[in-house]
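Visitor: What follows is the file query_21.txt, containing compact mmCIF, C-alpha atoms:
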```txt
# COMPACT_ATOMS: atom_id res chain seq x y z
CA MET U 16 0.00 0.00 0.00
CA LYS U 17 1.53 3.26 -1.07
CA LEU U 18 0.45 6.79 -1.78
CA SER U 19 2.83 8.83 -3.89
CA VAL U 20 2.62 12.34 -5.18
CA VAL U 21 4.82 13.46 -8.05
CA ASN U 22 5.52 17.01 -9.16
CA LEU U 23 2.20 18.42 -7.94
CA SER U 24 1.60 22.10 -8.65
CA CYS U 25 -1.26 24.46 -8.03
CA ARG U 26 -1.75 28.09 -8.93
CA ARG U 27 -4.56 30.38 -7.92
CA GLY U 28 -4.40 33.30 -10.33
CA GLU U 29 -0.96 34.88 -9.88
CA THR U 30 -0.27 33.13 -6.60
CA ARG U 31 1.61 29.89 -6.70
CA LEU U 32 0.28 27.81 -3.81
CA PHE U 33 2.74 24.98 -4.18
CA ASP U 34 5.08 23.85 -6.88
CA ALA U 35 6.71 20.52 -7.73
CA LEU U 36 5.47 18.91 -4.55
CA ALA U 37 6.48 15.28 -4.09
CA PHE U 38 6.22 12.71 -1.32
CA ASP U 39 5.75 9.00 -0.74
CA LEU U 40 3.78 7.41 2.06
CA ASP U 41 3.99 3.69 2.80
CA ALA U 42 1.74 1.65 5.05
CA GLY U 43 2.02 2.88 8.63
CA GLU U 44 3.27 6.34 7.68
CA SER U 45 1.55 9.65 8.10
CA LEU U 46 2.00 13.16 6.79
CA HIS U 47 1.17 16.33 8.65
CA VAL U 48 0.48 19.18 6.24
CA CYS U 49 1.00 22.47 8.05
CA GLY U 50 1.16 26.06 7.00
CA ALA U 51 -0.54 29.39 7.45
CA ASN U 52 -4.14 30.08 6.46
CA GLY U 53 -4.45 30.21 2.71
CA SER U 54 -1.25 28.29 2.10
CA GLY U 55 -3.05 25.56 0.18
CA LYS U 56 -3.56 22.83 2.77
CA THR U 57 -7.19 22.22 1.89
CA THR U 58 -6.44 22.49 -1.83
CA LEU U 59 -3.79 19.78 -1.52
CA LEU U 60 -6.14 17.57 0.46
CA ARG U 61 -8.90 17.99 -2.10
CA PHE U 62 -6.47 16.83 -4.78
CA LEU U 63 -5.66 13.80 -2.64
CA CYS U 64 -9.39 13.08 -2.23
CA ALA U 65 -9.82 13.32 -6.01
CA LEU U 66 -12.48 15.96 -5.45
CA SER U 67 -10.59 18.35 -7.70
CA PHE U 68 -7.73 17.79 -10.07
CA PRO U 69 -4.32 19.48 -10.20
CA ASP U 70 -3.00 21.64 -13.04
CA GLU U 71 0.21 19.67 -13.08
CA GLY U 72 1.50 16.53 -11.47
CA GLU U 73 0.10 13.15 -10.67
CA ILE U 74 -1.07 11.22 -7.63
CA PHE U 75 -0.45 7.47 -7.48
CA TRP U 76 -2.08 4.85 -5.30
CA ASN U 77 -0.15 1.57 -5.37
CA ASP U 78 1.73 2.92 -8.41
CA GLN U 79 -1.45 3.50 -10.37
CA ALA U 80 -2.54 7.03 -11.27
CA ILE U 81 -5.72 7.72 -9.32
CA GLY U 82 -7.41 9.30 -12.34
CA HIS U 83 -7.39 5.90 -14.06
CA ALA U 84 -8.99 3.97 -11.21
CA LEU U 85 -11.11 6.58 -9.51
CA CYS U 86 -13.71 4.23 -8.05
CA ASP U 87 -11.07 1.83 -6.72
CA TYR U 88 -9.16 4.67 -5.15
CA ARG U 89 -12.24 6.18 -3.54
CA SER U 90 -13.13 2.84 -2.02
CA GLN U 91 -9.82 2.98 -0.12
CA LEU U 92 -10.49 6.43 1.23
CA ALA U 93 -12.07 7.88 4.33
CA THR U 94 -12.15 11.65 4.52
CA LEU U 95 -13.01 14.35 6.96
CA GLY U 96 -13.46 17.79 5.48
CA HIS U 97 -14.08 21.23 6.89
CA ARG U 98 -17.74 20.40 6.99
CA ASP U 99 -18.71 17.44 9.10
CA ALA U 100 -21.02 15.79 6.55
CA ILE U 101 -23.53 15.21 9.33
CA LYS U 102 -27.26 15.48 8.68
CA GLU U 103 -28.74 17.59 11.45
CA GLU U 104 -32.19 16.01 11.16
CA LEU U 105 -30.85 12.54 11.94
CA THR U 106 -29.51 10.92 15.08
CA PRO U 107 -25.78 10.09 15.29
CA ILE U 108 -26.50 6.41 14.72
CA GLU U 109 -28.63 7.12 11.64
CA ASN U 110 -25.86 9.31 10.28
CA LEU U 111 -23.29 6.57 10.75
CA LYS U 112 -25.59 3.95 9.25
CA LEU U 113 -26.19 6.01 6.10
CA ALA U 114 -22.50 6.79 5.74
CA ALA U 115 -21.62 3.11 6.04
CA LEU U 116 -24.26 1.93 3.57
CA LEU U 117 -23.56 4.68 1.03
CA SER U 118 -19.88 3.90 1.08
CA GLY U 119 -20.74 0.38 0.03
CA GLY U 120 -20.03 -1.48 3.24
CA GLY U 121 -22.27 -3.21 5.73
CA PHE U 122 -23.47 -1.67 8.95
CA ASP U 123 -22.81 -3.16 12.34
CA LEU U 124 -24.79 -1.51 15.10
CA GLU U 125 -22.49 -2.73 17.87
CA SER U 126 -19.35 -1.25 16.36
CA ALA U 127 -21.17 2.00 15.57
CA LEU U 128 -22.29 2.30 19.19
CA GLY U 129 -18.74 1.45 20.24
CA ALA U 130 -17.29 4.18 18.03
CA LEU U 131 -19.73 6.75 19.40
CA LYS U 132 -18.99 5.68 22.95
CA ARG U 133 -15.26 5.88 22.39
CA LEU U 134 -15.64 9.46 21.21
CA GLY U 135 -18.07 10.32 23.97
CA VAL U 136 -21.07 11.23 21.82
CA PRO U 137 -24.44 10.93 23.53
CA ASP U 138 -26.78 8.60 21.70
CA GLY U 139 -30.48 8.01 21.76
CA ASP U 140 -33.52 7.87 19.53
CA ASP U 141 -34.45 11.45 20.35
CA ILE U 142 -31.00 13.03 20.21
CA PHE U 143 -30.80 14.65 16.81
CA CYS U 144 -27.53 16.07 15.59
CA ARG U 145 -29.18 19.50 15.42
CA ARG U 146 -29.05 19.52 19.23
CA LEU U 147 -25.39 18.59 19.40
CA SER U 148 -22.65 21.16 19.80
CA GLN U 149 -20.12 21.86 17.07
CA GLY U 150 -17.51 19.73 18.79
CA GLN U 151 -19.93 16.85 19.30
CA LYS U 152 -20.84 16.89 15.60
CA ARG U 153 -17.13 16.73 14.83
CA ARG U 154 -16.92 13.68 17.05
CA VAL U 155 -19.72 11.98 15.11
CA ALA U 156 -17.75 12.67 11.92
CA LEU U 157 -14.68 11.10 13.55
CA ALA U 158 -16.75 8.08 14.56
CA ARG U 159 -17.54 7.66 10.86
CA LEU U 160 -13.81 7.27 10.18
CA LEU U 161 -13.55 4.51 12.76
CA LEU U 162 -16.57 2.75 11.35
CA LEU U 163 -15.65 2.87 7.65
CA ASP U 164 -12.39 1.00 8.22
CA ARG U 165 -10.52 2.34 5.20
CA PRO U 166 -6.72 2.18 4.75
CA LEU U 167 -6.21 5.81 3.70
CA TRP U 168 -7.38 8.65 5.93
CA ILE U 169 -7.39 12.21 4.66
CA LEU U 170 -8.29 14.60 7.45
CA ASP U 171 -8.66 18.34 7.11
CA GLU U 172 -8.22 19.96 10.51
CA PRO U 173 -9.67 17.02 12.43
CA CYS U 174 -9.29 18.81 15.76
CA ALA U 175 -11.28 21.91 14.81
CA ALA U 176 -13.84 22.68 17.55
CA LEU U 177 -12.60 19.80 19.71
CA ASP U 178 -11.64 20.05 23.39
CA PRO U 179 -8.19 18.86 24.64
CA THR U 180 -9.48 15.42 25.64
CA ALA U 181 -10.97 14.80 22.22
CA THR U 182 -7.85 16.16 20.54
CA ARG U 183 -5.78 13.55 22.37
CA GLU U 184 -8.32 10.92 21.35
CA VAL U 185 -7.87 11.93 17.70
CA ALA U 186 -4.10 11.55 18.04
CA SER U 187 -4.51 8.08 19.53
CA MET U 188 -7.05 7.16 16.81
CA ILE U 189 -4.51 8.12 14.16
CA ASP U 190 -1.75 6.21 15.95
CA ALA U 191 -3.92 3.10 16.11
CA HIS U 192 -4.79 3.48 12.45
CA LEU U 193 -1.09 3.72 11.51
CA SER U 194 -0.04 0.77 13.64
CA GLY U 195 -2.77 -1.20 11.88
CA GLY U 196 -0.97 -0.54 8.60
CA GLY U 197 -3.01 2.47 7.49
CA ILE U 198 -1.89 5.73 5.94
CA ALA U 199 -2.99 9.17 7.13
CA VAL U 200 -2.65 12.65 5.69
CA VAL U 201 -3.63 15.31 8.20
CA ALA U 202 -3.83 19.04 7.65
CA SER U 203 -3.58 21.28 10.65
CA PRO U 204 -2.22 24.81 11.06
CA SER U 205 -0.46 24.13 14.36
CA ALA U 206 3.05 22.83 13.72
CA ASP U 207 3.37 20.50 16.73
CA ALA U 208 -0.05 18.83 16.78
CA PHE U 209 1.13 15.46 15.46
CA PRO U 210 4.72 14.97 16.56
CA LYS U 211 5.07 11.46 15.12
CA ALA U 212 4.03 12.42 11.61
CA ARG U 213 6.32 13.59 8.85
CA LYS U 214 5.85 17.30 8.24
CA LEU U 215 5.12 19.08 5.03
CA ARG U 216 5.17 22.84 5.41
CA LEU U 217 3.36 24.80 2.73
CA SER U 218 4.16 28.44 2.24
CA ALA U 219 2.58 30.39 -0.57
CA SER U 220 4.99 32.44 -2.65
CA CYS U 221 4.05 34.97 -5.27
CA MET K 28 -25.97 -0.99 -7.15
CA LEU K 29 -29.71 -1.25 -6.65
CA ARG K 30 -29.08 -1.37 -2.91
CA PHE K 31 -27.08 1.83 -3.19
CA ILE K 32 -29.89 3.62 -5.03
CA GLU K 33 -32.39 2.22 -2.57
CA THR K 34 -30.30 3.56 0.32
CA VAL K 35 -30.25 7.02 -1.28
CA ILE K 36 -34.04 6.91 -1.70
CA ARG K 37 -34.55 5.80 1.90
CA ARG K 38 -32.23 8.56 3.06
CA GLU K 39 -34.21 11.21 1.17
CA PHE K 40 -37.48 9.85 2.54
CA LEU K 41 -36.16 9.93 6.08
CA LEU K 42 -34.94 13.50 5.64
CA ALA K 43 -38.24 14.61 4.09
CA PHE K 44 -40.10 12.97 6.96
CA ARG K 45 -37.93 14.73 9.54
CA ARG K 46 -38.34 18.06 7.77
CA PRO K 47 -42.02 18.10 6.80
CA ALA K 48 -42.07 21.90 6.41
CA ASP K 49 -40.52 21.59 2.94
CA LEU K 50 -43.31 19.44 1.57
CA ILE K 51 -46.08 21.29 3.41
CA SER K 52 -44.96 24.68 2.13
CA VAL K 53 -44.82 23.40 -1.43
CA LEU K 54 -48.31 21.91 -1.19
CA PHE K 55 -49.70 25.07 0.41
CA PHE K 56 -48.12 27.14 -2.31
CA PHE K 57 -49.93 24.99 -4.86
CA ILE K 58 -53.24 25.36 -3.03
CA ILE K 59 -52.93 29.13 -2.69
CA ALA K 60 -51.63 29.75 -6.22
CA SER K 61 -54.42 27.71 -7.81
CA SER K 62 -57.04 29.29 -5.54
CA LEU K 63 -56.01 32.86 -6.37
CA PHE K 64 -57.13 32.51 -9.96
CA PRO K 65 -60.84 32.04 -9.19
CA LEU K 66 -60.64 35.08 -6.89
CA GLY K 67 -58.74 37.30 -9.31
CA VAL K 68 -60.63 36.42 -12.46
CA TRP K 69 -64.39 36.38 -12.23
CA PRO K 70 -65.63 34.72 -15.37
CA ARG K 71 -68.62 32.58 -16.13
CA VAL K 72 -68.52 28.92 -15.32
CA ASP K 73 -67.92 27.73 -18.89
CA THR K 74 -64.75 29.84 -19.33
CA TRP K 75 -63.53 28.34 -16.07
CA LEU K 76 -63.40 24.92 -17.57
CA GLN K 77 -61.18 26.28 -20.33
CA LEU K 78 -58.82 27.94 -17.86
CA ALA K 79 -58.68 25.18 -15.25
CA PRO K 80 -56.17 22.75 -16.87
CA GLY K 81 -53.68 25.52 -17.54
CA VAL K 82 -54.09 27.12 -14.11
CA LEU K 83 -53.65 23.83 -12.27
CA TRP K 84 -50.64 22.80 -14.32
CA VAL K 85 -48.92 26.19 -14.01
CA SER K 86 -49.50 26.11 -10.25
CA ALA K 87 -47.97 22.63 -10.09
CA LEU K 88 -44.98 23.83 -12.14
CA LEU K 89 -44.35 26.76 -9.82
CA ALA K 90 -44.81 24.61 -6.73
CA THR K 91 -42.23 22.15 -8.08
CA LEU K 92 -39.89 25.06 -8.73
CA LEU K 93 -40.19 26.00 -5.08
CA SER K 94 -38.99 22.56 -4.01
CA LEU K 95 -35.89 22.53 -6.23
CA PRO K 96 -33.40 24.66 -4.24
CA HIS K 97 -33.41 22.10 -1.42
CA LEU K 98 -32.56 19.25 -3.76
CA PHE K 99 -28.76 19.65 -3.57
CA ALA K 100 -28.18 22.81 -1.52
CA ASP K 101 -28.62 21.18 1.89
CA ASP K 102 -26.24 18.34 1.05
CA TYR K 103 -23.78 20.83 -0.40
CA ARG K 104 -23.84 23.00 2.70
CA ASP K 105 -23.30 20.27 5.27
CA GLY K 106 -20.68 18.40 3.24
CA THR K 107 -22.68 15.21 2.63
CA LEU K 108 -22.58 15.85 -1.12
CA GLU K 109 -18.80 15.38 -1.02
CA GLN K 110 -19.30 12.11 0.81
CA LEU K 111 -21.75 11.04 -1.91
CA VAL K 112 -19.09 11.84 -4.53
CA LEU K 113 -16.70 9.62 -2.60
CA GLY K 114 -19.37 6.94 -2.26
CA ALA K 115 -19.36 3.41 -3.57
CA TYR K 116 -20.82 4.27 -6.98
CA PRO K 117 -20.51 7.23 -9.37
CA LEU K 118 -22.46 10.31 -8.37
CA ALA K 119 -24.95 9.85 -11.22
CA PHE K 120 -26.48 6.85 -9.39
CA ALA K 121 -26.95 8.87 -6.23
CA VAL K 122 -28.50 11.66 -8.32
CA PHE K 123 -30.89 9.15 -9.88
CA GLY K 124 -31.96 8.03 -6.41
CA LYS K 125 -32.46 11.61 -5.33
CA LEU K 126 -34.61 12.31 -8.41
CA VAL K 127 -36.80 9.28 -7.75
CA ALA K 128 -37.25 10.35 -4.14
CA HIS K 129 -37.99 13.94 -5.15
CA TRP K 130 -40.68 12.71 -7.50
CA LEU K 131 -42.20 10.35 -4.92
CA VAL K 132 -42.24 13.06 -2.25
CA PHE K 133 -43.22 16.16 -4.21
CA GLY K 134 -44.55 14.99 -7.57
CA VAL K 135 -46.85 12.27 -6.28
CA SER K 136 -48.14 14.49 -3.46
CA LEU K 137 -48.98 17.22 -5.97
CA ALA K 138 -50.67 14.69 -8.25
CA LEU K 139 -52.77 13.45 -5.34
CA LEU K 140 -53.63 16.93 -4.11
CA ALA K 141 -54.45 18.52 -7.48
CA PRO K 142 -57.74 16.66 -8.14
CA VAL K 143 -59.00 17.64 -4.68
CA PHE K 144 -58.46 21.31 -5.38
CA ALA K 145 -59.66 20.97 -8.95
CA PHE K 146 -63.16 20.65 -7.47
CA GLN K 147 -63.28 24.41 -7.13
CA PHE K 148 -63.14 24.60 -10.92
CA ASP K 149 -66.03 22.16 -11.19
CA LEU K 150 -64.08 19.70 -13.34
CA PRO K 151 -65.98 16.51 -14.20
CA GLY K 152 -64.82 13.18 -12.82
CA HIS K 153 -62.97 11.78 -15.80
CA ALA K 154 -61.03 15.07 -16.19
CA LEU K 155 -59.97 14.80 -12.53
CA TRP K 156 -58.61 11.34 -13.24
CA THR K 157 -56.72 12.64 -16.29
CA LEU K 158 -55.37 15.53 -14.21
CA PHE K 159 -54.05 13.10 -11.62
CA LEU K 160 -52.58 10.84 -14.29
CA SER K 161 -50.95 13.67 -16.23
CA LEU K 162 -49.31 15.04 -13.07
CA PHE K 163 -48.33 11.56 -11.91
CA VAL K 164 -46.48 10.73 -15.12
CA GLY K 165 -45.38 14.31 -15.87
CA THR K 166 -43.74 15.30 -12.59
CA PRO K 167 -40.66 13.06 -13.04
CA ALA K 168 -39.82 15.25 -16.05
CA LEU K 169 -40.24 18.32 -13.84
CA SER K 170 -37.96 16.84 -11.17
CA SER K 171 -35.22 15.81 -13.60
CA LEU K 172 -35.22 18.96 -15.73
CA GLY K 173 -35.37 21.11 -12.61
CA ALA K 174 -32.49 19.22 -11.03
CA ILE K 175 -30.24 20.31 -13.92
CA GLY K 176 -30.95 23.91 -13.01
CA ALA K 177 -30.57 23.21 -9.30
CA ALA K 178 -27.15 21.65 -9.91
CA LEU K 179 -25.96 24.46 -12.17
CA THR K 180 -27.00 27.21 -9.75
CA LEU K 181 -25.67 25.45 -6.65
CA GLY K 182 -23.68 27.76 -4.42
CA LEU K 183 -24.56 30.82 -6.48
CA ARG K 184 -25.64 34.07 -4.88
CA GLY K 185 -29.20 34.81 -5.94
CA GLY K 186 -29.26 31.31 -7.36
CA ARG K 187 -32.99 30.88 -6.89
CA VAL K 188 -33.89 33.58 -9.40
CA VAL K 189 -31.42 32.24 -11.95
CA LEU K 190 -32.80 28.77 -11.26
CA SER K 191 -36.33 29.90 -12.17
CA LEU K 192 -35.14 31.63 -15.33
CA LEU K 193 -33.16 28.58 -16.32
CA VAL K 194 -35.75 25.94 -15.57
CA LEU K 195 -39.11 27.47 -16.50
CA PRO K 196 -38.41 27.54 -20.28
CA LEU K 197 -37.48 23.85 -20.08
CA TYR K 198 -40.86 23.15 -18.51
CA ILE K 199 -42.79 24.48 -21.52
CA PRO K 200 -43.18 21.13 -23.34
CA VAL K 201 -44.31 19.41 -20.15
CA LEU K 202 -46.84 22.17 -19.51
CA ILE K 203 -48.20 22.05 -23.06
CA PHE K 204 -48.71 18.30 -23.10
CA GLY K 205 -49.95 18.13 -19.52
CA ALA K 206 -52.56 20.83 -19.89
CA ALA K 207 -53.51 19.54 -23.34
CA ALA K 208 -54.19 16.08 -21.92
CA VAL K 209 -56.59 17.50 -19.32
CA GLU K 210 -58.25 19.70 -21.94
CA ALA K 211 -58.68 16.71 -24.22
CA ALA K 212 -60.39 14.84 -21.39
CA LEU K 213 -62.69 17.83 -20.87
CA ALA K 214 -63.58 17.89 -24.55
CA GLY K 215 -64.32 14.18 -24.42
CA ILE K 216 -61.37 13.23 -26.63
CA ASP K 217 -58.94 10.44 -25.81
CA ALA K 218 -56.14 11.95 -23.64
CA ASN K 219 -53.72 9.05 -24.07
CA ALA K 220 -51.53 10.80 -26.63
CA GLY K 221 -50.61 13.59 -24.21
CA ILE K 222 -50.14 11.19 -21.32
CA SER K 223 -47.88 8.95 -23.40
CA PHE K 224 -45.79 11.91 -24.47
CA LEU K 225 -45.43 13.03 -20.84
CA ALA K 226 -44.38 9.51 -19.88
CA ALA K 227 -41.78 9.54 -22.65
CA LEU K 228 -40.42 12.90 -21.46
CA SER K 229 -40.29 11.65 -17.89
CA LEU K 230 -38.52 8.41 -18.73
CA ALA K 231 -36.00 10.22 -20.93
CA GLY K 232 -35.47 12.82 -18.22
CA MET K 233 -35.03 10.33 -15.41
CA PHE K 234 -32.50 8.22 -17.31
CA PHE K 235 -30.53 10.77 -19.31
CA THR K 236 -30.22 13.75 -16.97
CA PRO K 237 -28.43 12.12 -13.96
CA PRO K 238 -25.00 12.05 -15.71
CA LEU K 239 -25.44 15.69 -16.75
CA ILE K 240 -26.50 16.67 -13.24
CA ALA K 241 -23.57 14.76 -11.74
CA ALA K 242 -21.18 16.56 -14.13
CA ALA K 243 -22.64 19.94 -13.10
CA LEU K 244 -22.25 19.04 -9.42
CA HIS K 245 -18.63 17.99 -9.96
CA ILE K 246 -17.91 21.36 -11.56
CA THR K 247 -19.55 23.21 -8.68
CA MET K 248 -17.56 21.31 -6.10
CA GLU K 249 -14.17 21.71 -7.76
```
Take the structure in this file and express it as structure tokens.
Guide:
Amino acid sequence: MKLSVVNLSCRRGETRLFDALAFDLDAGESLHVCGANGSGKTTLLRFLCALSFPDEGEIFWNDQAIGHALCDYRSQLATLGHRDAIKEELTPIENLKLAALLSGGGFDLESALGALKRLGVPDGDDIFCRRLSQGQKRRVALARLLLLDRPLWILDEPCAALDPTATREVASMIDAHLSGGGIAVVASPSADAFPKARKLRLSASC
Amino acid sequence: MLRFIETVIRREFLLAFRRPADLISVLFFFIIASSLFPLGVWPRVDTWLQLAPGVLWVSALLATLLSLPHLFADDYRDGTLEQLVLGAYPLAFAVFGKLVAHWLVFGVSLALLAPVFAFQFDLPGHALWTLFLSLFVGTPALSSLGAIGAALTLGLRGGRVVLSLLVLPLYIPVLIFGAAAVEAALAGIDANAGISFLAALSLAGMFFTPPLIAAALHITME
């Protein structure tokens, strides 16, 4: 299992966000993308999610360009974006169930309840996500990652809106994922959030 | 694949059930719009029968238009649309499921409601049946054509106005054949030609627009 990025470039108008970016990640490795606001962290992560496509450069999954096997690549992927992808009208469990079924897997109620419990999300038939706080919704989104059981995690500021306890839980989730042979790419503005990960510092230059 | 589409349909049903205000406001809009005509115009009873098919169909068109902005905008805002893109099957399948659900929730409700409120126009029984049938088979075309506009105007400021301008001209053929079918029933002629044409439009719309809609959504999200 290997994610490699070759010669990736992105421009926004006159600004060059990043140029000739390259890295390789093997099973069990993680990358921490850091940099100031507007330095292109989210843009890079969207390229890696195959949600948008770069001007130049290529992304390979197991030495195959992801553009050629998009569905295969996406079935390896679990992502967490800026937005939690949580339906406010549904309960946490219903959200997890839909996410699991729509991503093509089965749904196991026990493991979903376990994931919610691990992240400390209240659950019940009458607790709709509308009632949850921002941080609690984020935790539901993190529970989705645990449930989907995908080898490649791409997380955009996973700790946004989370309290210190939950932030530590995220770090231990990522560690467990890596020791299970997974790969993680995490974007976060703070430079020392994930000490074990390799760092990639983006700095926009004109 | 069928299970995937079924899951999307179930999801939309669940959301519509949890958020009944969307459907209720659309149905009330239809009731009020179609009831304003008898109050505004004050003609004799026989001219009413000539106006009724057009009035009811135009009201149904506008009511459908009102339901379109929710089709993708909510999923876009909370990020679930991105998760659908990253789902097990190409986005077009999810879009197809959403269209089917939109028709079942809004189109079928309008088709069921229209004959009830057509009583105020004193339509005879067989025309009521044709009205129901024409809306039942015609609303999938409204959902699918409207979804193209909803996808193209997603995330746009003032998108709702542009959406109306974009979609209403596309609705003209559906309106013509739908109202003509009801008029034919009123005149005692066989209405099957109009109904068949509506069914053809709907089938074509439901099966050919999802890839276009998915492409428009991909562009919006890039």
Visitor: Restrict the distance test to only C-alpha atoms, flag each residue of chain K within 10 Å of chain U, and return the flagged residues as number ranges by chain.
Guide: K: 28, 30-35, 37-38, 41-46, 101-117, 121, 245-246, 248-249
Visitor: Could you state the separation of CA of Leu179 (chain K) and CA of Leu131 (chain K) in Å, given to one decimal place?
Guide: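 Computed distance, CA of Leu179 (chain K) to CA of Leu131 (chain K), equals 22.7 Å.
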Visitor: For a test of reading the model, state the distance in Å between CA of Ala212 (chain U) and CA of Arg183 (chain U), rounded to one decimal.
Guide: 14.6 Å
Visitor: Can you tell me how far CA of Ile203 (chain K) sits from CA of Trp75 (chain K), in Å to one decimal?
Guide: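 Straight-line distance from CA of Ile203 (chain K) to CA of Trp75 (chain K) works out to 18.0 Å.
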Visitor: What's the 12 Å shell around Gly152 (chain K), counting only C-alpha atoms, without same-chain residues fewer than 6 positions away, as a list in words?
Guide: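 Neighbouring residues, sequence-local ones excluded: Pro142, Val143, Ala145, Phe146, Leu158, Phe159, Val209, Ala212, Leu213 and Gly215 of chain K.
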Visitor: May I have the protein, DNA and RNA residues with an atom at most 8 Å from (4.3, 24.7, -6.7), counting only C-alpha atoms in the file's coordinates, returned as an MDAnalysis selection string?
Guide: chainID U and resid 23:26 31:36
Visitor: Keeping C-alpha atoms for every residue in the selection just given, could you write it to a file as a tab-separated table (two decimals), in the frame of the given file?
Guide:
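Dumped to result04.tsv:
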```tsv
chain	number	residue	atom	x	y	z
U	23	LEU	CA	2.20	18.42	-7.94
U	24	SER	CA	1.60	22.10	-8.65
U	25	CYS	CA	-1.26	24.46	-8.03
U	26	ARG	CA	-1.75	28.09	-8.93
U	31	ARG	CA	1.61	29.89	-6.70
U	32	LEU	CA	0.28	27.81	-3.81
U	33	PHE	CA	2.74	24.98	-4.18
U	34	ASP	CA	5.08	23.85	-6.88
U	35	ALA	CA	6.71	20.52	-7.73
U	36	LEU	CA	5.47	18.91	-4.55
```
Visitor: Pick out the closest residue to Leu162 (chain U) from this set: U:Gly28, U:Pro210, U:Pro69, U:Gly121. Count only C-alpha atoms.
Guide: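 Distance minimum relative to Leu162 (chain U) lands on U:Gly121.
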Visitor: Looking at K:Leu92, K:Ala231, K:Leu183, K:Leu160, which one is nearest to Pro196 (chain K), with distances taken over only C-alpha atoms?
Guide: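 When distances to Pro196 (chain K) are compared using only C-alpha atoms, the smallest one comes from K:Leu92.
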Visitor: With only C-alpha atoms as the basis for distance, which of U:Gly195, U:Gly135, U:Pro179, U:Gly55 is at the shortest distance from Arg165 (chain U)?
Guide: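 With only C-alpha atoms as the atom set, the closest residue is U:Gly195.
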Visitor: For region 40-50 of chain U, please output as a PyMOL selection string all residues within 10 Å (counting all atoms listed in the file; exclusion window: fewer than 4 positions along the same chain).
Guide: chain U and resi 16-20+54-57+59-60+76-77+166-172+189-219
Visitor: Show me, as an MDAnalysis selection string, the residues that have an atom within 12 Å of Asp73 (chain K) when counting all atoms listed in the file, minus same-chain residues fewer than 2 positions from it.
Guide: chainID K and resid 69:71 75:79 148:150 213
Visitor: Between U:Glu73, U:Val185, U:Leu128, U:Gln79, which has the minimum distance to Arg154 (chain U) (counting all atoms listed in the file)?
Guide: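 Selected residue with least distance to Arg154 (chain U): U:Val185.
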